[in-house]
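Asks: Got a structure for you, data.txt, holding compact mmCIF, C-alpha atoms.
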```txt
# COMPACT_ATOMS: atom_id res chain seq x y z
CA MET R 1 16.10 -63.58 26.91
CA GLN R 2 18.01 -60.65 28.34
CA LEU R 3 20.80 -58.93 26.47
CA SER R 4 24.04 -58.58 28.37
CA ALA R 5 25.50 -55.82 26.21
CA ALA R 6 23.91 -52.67 24.88
CA PRO R 7 23.21 -52.75 21.14
CA TYR R 8 23.93 -49.03 21.12
CA GLU R 9 25.94 -46.90 23.50
CA GLU R 10 27.38 -43.43 23.03
CA ARG R 11 28.97 -40.94 25.39
CA LEU R 12 28.65 -37.32 24.31
CA THR R 13 32.07 -36.19 25.49
CA ALA R 14 33.07 -32.55 25.36
CA PRO R 15 35.39 -31.50 22.51
CA ARG R 16 39.14 -31.27 23.09
CA SER R 17 39.09 -27.49 22.83
CA TRP R 18 37.01 -27.33 26.01
CA TRP R 19 39.83 -28.98 27.94
CA PHE R 20 42.13 -26.18 26.77
CA LEU R 21 39.57 -23.74 28.19
CA CYS R 22 39.96 -25.51 31.55
CA LEU R 23 43.64 -24.63 31.50
CA LEU R 24 42.78 -21.03 30.66
CA ALA R 25 40.35 -20.93 33.59
CA GLY R 26 43.14 -22.18 35.83
CA LEU R 27 45.48 -19.50 34.50
CA SER R 28 42.82 -16.89 35.24
CA PHE R 29 42.56 -18.06 38.84
CA ALA R 30 46.35 -18.06 39.08
CA LEU R 31 46.47 -14.43 37.91
CA ILE R 32 43.81 -13.49 40.44
CA MET R 33 45.84 -15.10 43.24
CA LEU R 34 49.23 -13.74 42.04
CA PRO R 35 49.20 -10.64 44.33
CA PHE R 36 49.02 -12.97 47.36
CA GLY R 37 52.23 -14.84 46.52
CA THR R 38 53.56 -17.83 44.64
CA LEU R 39 51.91 -20.56 46.70
CA PRO R 40 48.39 -19.04 46.46
CA MET R 41 49.00 -18.55 42.72
CA LEU R 42 49.84 -22.26 42.29
CA VAL R 43 46.81 -23.24 44.38
CA GLY R 44 44.68 -20.97 42.16
CA LEU R 45 46.12 -22.58 39.04
CA ALA R 46 45.50 -26.12 40.27
CA GLY R 47 42.13 -25.37 41.86
CA GLY R 48 40.78 -23.36 38.93
CA THR R 49 41.89 -25.95 36.39
CA ALA R 50 40.45 -28.79 38.47
CA ALA R 51 37.12 -27.01 39.04
CA ALA R 52 36.73 -26.24 35.33
CA ALA R 53 37.68 -29.83 34.44
CA VAL R 54 35.02 -31.19 36.80
CA VAL R 55 32.37 -29.01 35.14
CA VAL R 56 33.44 -30.01 31.61
CA SER R 57 33.66 -33.67 32.56
CA ALA R 58 30.20 -33.66 34.15
CA TYR R 59 28.64 -31.91 31.16
CA GLY R 60 30.38 -34.27 28.75
CA SER R 61 29.57 -37.48 30.59
CA VAL R 62 25.99 -37.87 29.36
CA ARG R 63 25.28 -41.22 27.71
CA ILE R 64 22.72 -42.45 25.21
CA ARG R 65 22.00 -46.18 25.31
CA VAL R 66 19.53 -48.62 23.84
CA VAL R 67 19.43 -51.65 26.10
CA ASN R 68 16.84 -54.25 27.11
CA GLY R 69 14.10 -52.63 25.04
CA HIS R 70 14.62 -49.14 26.49
CA LEU R 71 16.14 -45.89 25.31
CA ILE R 72 18.21 -44.41 28.11
CA ALA R 73 19.24 -40.83 27.33
CA GLY R 74 20.80 -38.99 30.23
CA GLU R 75 18.38 -39.52 33.12
CA ALA R 76 15.40 -40.42 30.91
CA LYS R 77 14.42 -44.06 30.45
CA ILE R 78 11.80 -44.63 27.75
CA PRO R 79 10.49 -48.03 26.63
CA ALA R 80 11.10 -48.61 22.93
CA SER R 81 7.46 -49.67 22.57
CA ALA R 82 6.44 -46.06 23.38
CA LEU R 83 8.56 -44.66 20.56
CA GLY R 84 7.56 -44.19 16.94
CA ASP R 85 9.56 -43.31 13.85
CA ALA R 86 13.03 -41.85 14.15
CA GLU R 87 14.05 -38.99 11.88
CA VAL R 88 17.76 -38.47 11.23
CA LEU R 89 18.58 -34.75 11.22
CA ASP R 90 21.59 -33.18 9.56
CA ALA R 91 23.34 -30.19 11.18
CA GLU R 92 21.07 -27.57 9.57
CA GLU R 93 17.83 -29.40 10.36
CA ALA R 94 19.02 -30.16 13.90
CA ARG R 95 19.68 -26.45 14.44
CA ALA R 96 16.13 -25.65 13.33
CA TRP R 97 14.66 -28.26 15.71
CA ARG R 98 16.75 -26.87 18.57
CA GLY R 99 15.37 -23.40 17.87
CA PRO R 100 12.28 -22.19 16.02
CA LYS R 101 10.74 -25.62 15.34
CA ALA R 102 11.20 -26.85 18.93
CA ASP R 103 8.21 -27.84 21.01
CA PRO R 104 8.57 -26.85 24.70
CA ARG R 105 6.98 -30.16 25.74
CA ALA R 106 9.66 -32.24 24.01
CA PHE R 107 12.44 -34.07 25.83
CA MET R 108 15.67 -32.65 24.47
CA LEU R 109 19.15 -33.93 25.16
CA LEU R 110 21.15 -31.11 23.60
CA ARG R 111 24.84 -30.79 23.08
CA ALA R 112 25.66 -27.83 20.83
CA TYR R 113 29.07 -29.26 19.93
CA VAL R 114 27.43 -32.34 18.35
CA PRO R 115 26.12 -31.35 14.90
CA GLY R 116 23.88 -34.34 14.14
CA ALA R 117 20.68 -35.32 15.89
CA LEU R 118 17.79 -37.75 15.96
CA ARG R 119 14.15 -36.83 16.50
CA VAL R 120 11.96 -39.71 17.67
CA THR R 121 8.19 -39.37 17.99
CA VAL R 122 6.58 -40.56 21.21
CA THR R 123 3.53 -42.72 20.49
CA ASP R 124 2.33 -43.26 24.07
CA PRO R 125 -1.09 -41.51 24.23
CA GLU R 126 -0.70 -40.86 27.98
CA ASP R 127 2.64 -39.10 27.56
CA PRO R 128 2.37 -35.37 26.74
CA THR R 129 5.88 -35.41 25.26
CA PRO R 130 5.50 -35.14 21.45
CA TYR R 131 9.03 -36.25 20.59
CA VAL R 132 12.51 -36.93 21.90
CA PHE R 133 15.36 -34.88 20.43
CA LEU R 134 18.82 -36.40 20.91
CA SER R 135 22.12 -34.88 19.88
CA THR R 136 24.19 -37.78 18.58
CA ARG R 137 27.29 -38.33 16.49
CA GLU R 138 25.80 -41.49 14.95
CA PRO R 139 22.11 -40.79 14.25
CA GLU R 140 21.70 -43.58 11.65
CA ARG R 141 23.08 -46.22 13.99
CA LEU R 142 20.94 -45.00 16.88
CA ALA R 143 17.83 -45.05 14.65
CA ARG R 144 18.62 -48.66 13.66
CA ALA R 145 19.10 -49.69 17.29
CA LEU R 146 15.78 -48.07 18.27
CA ARG R 147 14.00 -49.78 15.37
CA THR R 148 15.47 -53.14 16.41
CA ALA R 149 14.49 -52.61 20.05
CA ARG R 150 10.96 -51.53 19.09
CA ASP R 151 10.54 -54.54 16.77
CA GLY R 152 11.80 -56.82 19.54
CA ALA R 153 9.32 -55.27 22.01
CA ASP R 154 6.46 -55.67 19.50
CA ALA R 155 7.34 -59.34 18.91
CA SER R 156 7.19 -60.25 22.60
```
Give the structure from the file, written as structure tokens.

Replies:
Amino acid sequence: MQLSAAPYEERLTAPRSWWFLCLLAGLSFALIMLPFGTLPMLVGLAGGTAAAAVVVSAYGSVRIRVVNGHLIAGEAKIPASALGDAEVLDAEEARAWRGPKADPRAFMLLRAYVPGALRVTVTDPEDPTPYVFLSTREPERLARALRTARDGADAS
């Protein structure tokens, strides 16, 4: 049996304030182009805003999904059967695991603007990655989806 919809899906979009920064970047380009005339200034405004928006959109387009027995986080695709227990981290604990507690071998999907996180141990003995650290706005729901996917993989 194959699931048609993902039991968990989240897009880590950039905060609204970052879109305001795109406008400020465009204004900066407009001021740089101002000595060359009105048309270059308008091109600078449009081009600078658009370039900044592309960067913010690309950075904020990362998705976390649990589908068909796999965790897909960004470009990583990990079978749920290779994952162990999931630990829900509050903002303070997540900050510690992003910094002094972090293992350089870990797979980390970080977004500083997302306060919560989930740390999932990797149980595959052939994988040198000790854990997966995922910034997420819904760590409890993601942990449940991973547990369900792992239990479904164990049953089959």

Asks: What is the CA of Gly116 in chain R-CA of Arg141 in chain R distance in Å, reported with one decimal?

Replies: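 Between CA of Gly116 in chain R and CA of Arg141 in chain R the gap works out to 11.9 Å.
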
Asks: For each of R:Ala76, R:Val88, R:Val56, R:Leu71, take the minimum atom-to-atom distance to Ser17 in chain R, counting all atoms listed in the file, then give the residue where this is smallest.

Replies: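 Going through R:Ala76, R:Val88, R:Val56, R:Leu71 one by one, the smallest distance to Ser17 in chain R is for R:Val56.
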
Asks: May I ask which of the residues R:Val114, R:Ala30, R:Ala106, R:Ala96 is the closest one to Ser135 in chain R, counting only C-alpha atoms?

Replies: R:Val114

Asks: Check the smallest atom-to-atom distance from each of R:Val55, R:Val62, R:Val67, R:Leu83 to Ala25 in chain R using all atoms listed in the file, then report the winner.

Replies: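 Ranked by minimum distance to Ala25 in chain R, first place goes to R:Val55.
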
Asks: Using the file's own x, y and z axes, so that the box edges lie along x, y and z, what centre and edge lengths in Å (one decimal) does a box around every listed atom of range 64-79 of chain R get when 6 Å is added on each side? Give it as lines of an AutoDock Vina configuration file.

Replies:
```
center_x = 16.6
center_y = -46.6
center_z = 28.5
size_x = 24.2
size_y = 27.3
size_z = 21.3
```

Asks: Between CA of Pro7 in chain R and CA of Val54 in chain R, what distance in Å does the model show, to one decimal?

Replies: 29.1 Å

Asks: Give the answer as one residue: which of R:Arg65, R:Arg144, R:Arg16, R:Arg11 has the shortest atom-to-atom distance to Pro79 in chain R, using only C-alpha atoms?

Replies: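 Between R:Arg65, R:Arg144, R:Arg16, R:Arg11, the residue approaching Pro79 in chain R most closely is R:Arg65.
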
Asks: Rounded to one decimal in Å, what is the spacing between CA of Ala58 in chain R and CA of Ala82 in chain R?

Replies: 28.9 Å

Asks: Which residue, R:Ala94, R:Gly99, R:Tyr113, R:Leu89, has the smallest gap to Trp18 in chain R when you use all atoms listed in the file?

Replies: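 Ranked by minimum distance to Trp18 in chain R, first place goes to R:Tyr113.
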
Asks: Hey, what's within 10 Å of Ser57 in chain R if we count only C-alpha atoms and toss same-chain stuff fewer than 3 positions away? As a ChimeraX atom specification, please?

Replies: /R:13-14,18-19,51-54,60-62

Asks: For Ala46 in chain R, work out the shell of residues within 9 Å, counting all atoms listed in the file and skipping chain neighbours fewer than 6 positions away, then give it as a ChimeraX atom specification.

Replies: /R:26-27,29-30

Asks: Please save C-alpha atoms of the selected residues as a PDB file, in the coordinates of the input.

Replies:
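again_2.pdb was written with the following content:
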```pdb
ATOM      1  CA  GLY R  26      43.140 -22.180  35.830  1.00  0.00           C
ATOM      2  CA  LEU R  27      45.480 -19.500  34.500  1.00  0.00           C
ATOM      3  CA  PHE R  29      42.560 -18.060  38.840  1.00  0.00           C
ATOM      4  CA  ALA R  30      46.350 -18.060  39.080  1.00  0.00           C
TER       5      ALA R  30
END
```

Asks: Given only C-alpha atoms as the basis, pick out the residue of R:Thr49, R:Glu87, R:Ala149, R:Lys77 nearest to Leu21 in chain R.

Replies: R:Thr49

Asks: Might you pull out every residue within 9 Å of Pro115 in chain R, with all atoms listed in the file counted and same-chain residues fewer than 5 positions away left off, and present them as a ChimeraX atom specification?

Replies: /R:90-92,94-95,135-137

Asks: For the residues in that selection, give me C-alpha atoms as a compact mmCIF listing (two decimals), keeping the file's coordinate frame.

Replies:
```
# COMPACT_ATOMS: atom_id res chain seq x y z
CA ASP R 90 21.59 -33.18 9.56
CA ALA R 91 23.34 -30.19 11.18
CA GLU R 92 21.07 -27.57 9.57
CA ALA R 94 19.02 -30.16 13.90
CA ARG R 95 19.68 -26.45 14.44
CA SER R 135 22.12 -34.88 19.88
CA THR R 136 24.19 -37.78 18.58
CA ARG R 137 27.29 -38.33 16.49
```

Asks: Tell me, as a PyMOL selection string, which residues lie within 7 Å of Ala86 in chain R, counting all atoms listed in the file; anything in the same chain fewer than 4 positions away does not count.

Replies: chain R and resi 118-121+143

Asks: Compile the contact shell of Ile72 in chain R as a list in words: residues with an atom at most 12 Å away, counting only C-alpha atoms, same-chain residues fewer than 6 positions apart removed.

Replies: Ala6, Pro7, Tyr8, Glu9, Glu10, Arg11, Val62, Arg63, Ile64, Arg65, Val66, Ile78, Pro79, Ala80, Leu109, Val132, Leu134, Leu142 and Leu146 of chain R

Asks: Output file request: range 35-46 of chain R, with all heavy atoms, as a PDB file, in the first residue's frame.

Replies:
```pdb
ATOM      1  N   PRO R  35      22.645  58.626  -9.207  1.00  0.00           N
ATOM      2  CA  PRO R  35      23.455  59.598  -9.963  1.00  0.00           C
ATOM      3  C   PRO R  35      23.399  59.405 -11.483  1.00  0.00           C
ATOM      4  O   PRO R  35      23.739  60.315 -12.239  1.00  0.00           O
ATOM      5  CB  PRO R  35      24.876  59.359  -9.455  1.00  0.00           C
ATOM      6  CG  PRO R  35      24.718  58.695  -8.143  1.00  0.00           C
ATOM      7  CD  PRO R  35      23.442  57.922  -8.219  1.00  0.00           C
ATOM      8  N   PHE R  36      22.976  58.225 -11.936  1.00  0.00           N
ATOM      9  CA  PHE R  36      22.934  57.956 -13.375  1.00  0.00           C
ATOM     10  C   PHE R  36      21.598  58.317 -14.006  1.00  0.00           C
ATOM     11  O   PHE R  36      21.425  58.153 -15.211  1.00  0.00           O
ATOM     12  CB  PHE R  36      23.244  56.473 -13.637  1.00  0.00           C
ATOM     13  CG  PHE R  36      24.591  56.066 -13.118  1.00  0.00           C
ATOM     14  CD1 PHE R  36      24.691  55.270 -11.996  1.00  0.00           C
ATOM     15  CD2 PHE R  36      25.747  56.509 -13.733  1.00  0.00           C
ATOM     16  CE1 PHE R  36      25.932  54.898 -11.508  1.00  0.00           C
ATOM     17  CE2 PHE R  36      26.994  56.163 -13.255  1.00  0.00           C
ATOM     18  CZ  PHE R  36      27.092  55.345 -12.141  1.00  0.00           C
ATOM     19  N   GLY R  37      20.620  58.761 -13.216  1.00  0.00           N
ATOM     20  CA  GLY R  37      19.343  59.179 -13.775  1.00  0.00           C
ATOM     21  C   GLY R  37      18.175  58.408 -13.182  1.00  0.00           C
ATOM     22  O   GLY R  37      18.327  57.472 -12.394  1.00  0.00           O
ATOM     23  N   THR R  38      16.980  58.821 -13.605  1.00  0.00           N
ATOM     24  CA  THR R  38      15.760  58.242 -13.070  1.00  0.00           C
ATOM     25  C   THR R  38      15.536  56.802 -13.545  1.00  0.00           C
ATOM     26  O   THR R  38      15.189  55.935 -12.747  1.00  0.00           O
ATOM     27  CB  THR R  38      14.542  59.099 -13.481  1.00  0.00           C
ATOM     28  OG1 THR R  38      14.759  60.435 -13.064  1.00  0.00           O
ATOM     29  CG2 THR R  38      13.273  58.579 -12.839  1.00  0.00           C
ATOM     30  N   LEU R  39      15.740  56.557 -14.822  1.00  0.00           N
ATOM     31  CA  LEU R  39      15.518  55.214 -15.347  1.00  0.00           C
ATOM     32  C   LEU R  39      16.479  54.198 -14.715  1.00  0.00           C
ATOM     33  O   LEU R  39      16.020  53.132 -14.258  1.00  0.00           O
ATOM     34  CB  LEU R  39      15.632  55.204 -16.869  1.00  0.00           C
ATOM     35  CG  LEU R  39      15.304  53.861 -17.531  1.00  0.00           C
ATOM     36  CD1 LEU R  39      13.873  53.437 -17.203  1.00  0.00           C
ATOM     37  CD2 LEU R  39      15.517  53.952 -19.028  1.00  0.00           C
ATOM     38  N   PRO R  40      17.788  54.474 -14.651  1.00  0.00           N
ATOM     39  CA  PRO R  40      18.672  53.527 -13.956  1.00  0.00           C
ATOM     40  C   PRO R  40      18.301  53.338 -12.483  1.00  0.00           C
ATOM     41  O   PRO R  40      18.433  52.244 -11.927  1.00  0.00           O
ATOM     42  CB  PRO R  40      20.057  54.139 -14.099  1.00  0.00           C
ATOM     43  CG  PRO R  40      19.972  54.984 -15.321  1.00  0.00           C
ATOM     44  CD  PRO R  40      18.558  55.508 -15.327  1.00  0.00           C
ATOM     45  N   MET R  41      17.803  54.419 -11.836  1.00  0.00           N
ATOM     46  CA  MET R  41      17.382  54.302 -10.443  1.00  0.00           C
ATOM     47  C   MET R  41      16.203  53.330 -10.324  1.00  0.00           C
ATOM     48  O   MET R  41      16.179  52.468  -9.438  1.00  0.00           O
ATOM     49  CB  MET R  41      16.978  55.663  -9.878  1.00  0.00           C
ATOM     50  CG  MET R  41      16.500  55.591  -8.436  1.00  0.00           C
ATOM     51  SD  MET R  41      15.635  57.051  -7.864  1.00  0.00           S
ATOM     52  CE  MET R  41      14.141  56.994  -8.817  1.00  0.00           C
ATOM     53  N   LEU R  42      15.230  53.427 -11.217  1.00  0.00           N
ATOM     54  CA  LEU R  42      14.074  52.530 -11.189  1.00  0.00           C
ATOM     55  C   LEU R  42      14.488  51.090 -11.500  1.00  0.00           C
ATOM     56  O   LEU R  42      13.966  50.151 -10.902  1.00  0.00           O
ATOM     57  CB  LEU R  42      13.001  53.010 -12.165  1.00  0.00           C
ATOM     58  CG  LEU R  42      12.326  54.330 -11.795  1.00  0.00           C
ATOM     59  CD1 LEU R  42      11.379  54.771 -12.892  1.00  0.00           C
ATOM     60  CD2 LEU R  42      11.616  54.214 -10.467  1.00  0.00           C
ATOM     61  N   VAL R  43      15.428  50.932 -12.424  1.00  0.00           N
ATOM     62  CA  VAL R  43      15.937  49.594 -12.736  1.00  0.00           C
ATOM     63  C   VAL R  43      16.657  49.024 -11.512  1.00  0.00           C
ATOM     64  O   VAL R  43      16.517  47.842 -11.184  1.00  0.00           O
ATOM     65  CB  VAL R  43      16.865  49.639 -13.971  1.00  0.00           C
ATOM     66  CG1 VAL R  43      17.610  48.329 -14.150  1.00  0.00           C
ATOM     67  CG2 VAL R  43      16.066  49.980 -15.221  1.00  0.00           C
ATOM     68  N   GLY R  44      17.421  49.876 -10.832  1.00  0.00           N
ATOM     69  CA  GLY R  44      18.110  49.443  -9.604  1.00  0.00           C
ATOM     70  C   GLY R  44      17.119  49.036  -8.521  1.00  0.00           C
ATOM     71  O   GLY R  44      17.325  48.024  -7.831  1.00  0.00           O
ATOM     72  N   LEU R  45      16.046  49.811  -8.381  1.00  0.00           N
ATOM     73  CA  LEU R  45      15.023  49.486  -7.390  1.00  0.00           C
ATOM     74  C   LEU R  45      14.377  48.142  -7.708  1.00  0.00           C
ATOM     75  O   LEU R  45      14.284  47.264  -6.844  1.00  0.00           O
ATOM     76  CB  LEU R  45      13.955  50.585  -7.351  1.00  0.00           C
ATOM     77  CG  LEU R  45      12.737  50.328  -6.457  1.00  0.00           C
ATOM     78  CD1 LEU R  45      13.159  50.279  -4.994  1.00  0.00           C
ATOM     79  CD2 LEU R  45      11.682  51.394  -6.670  1.00  0.00           C
ATOM     80  N   ALA R  46      13.954  47.970  -8.949  1.00  0.00           N
ATOM     81  CA  ALA R  46      13.288  46.717  -9.335  1.00  0.00           C
ATOM     82  C   ALA R  46      14.254  45.543  -9.293  1.00  0.00           C
ATOM     83  O   ALA R  46      13.933  44.474  -8.755  1.00  0.00           O
ATOM     84  CB  ALA R  46      12.684  46.865 -10.729  1.00  0.00           C
TER      85      ALA R  46
END
```
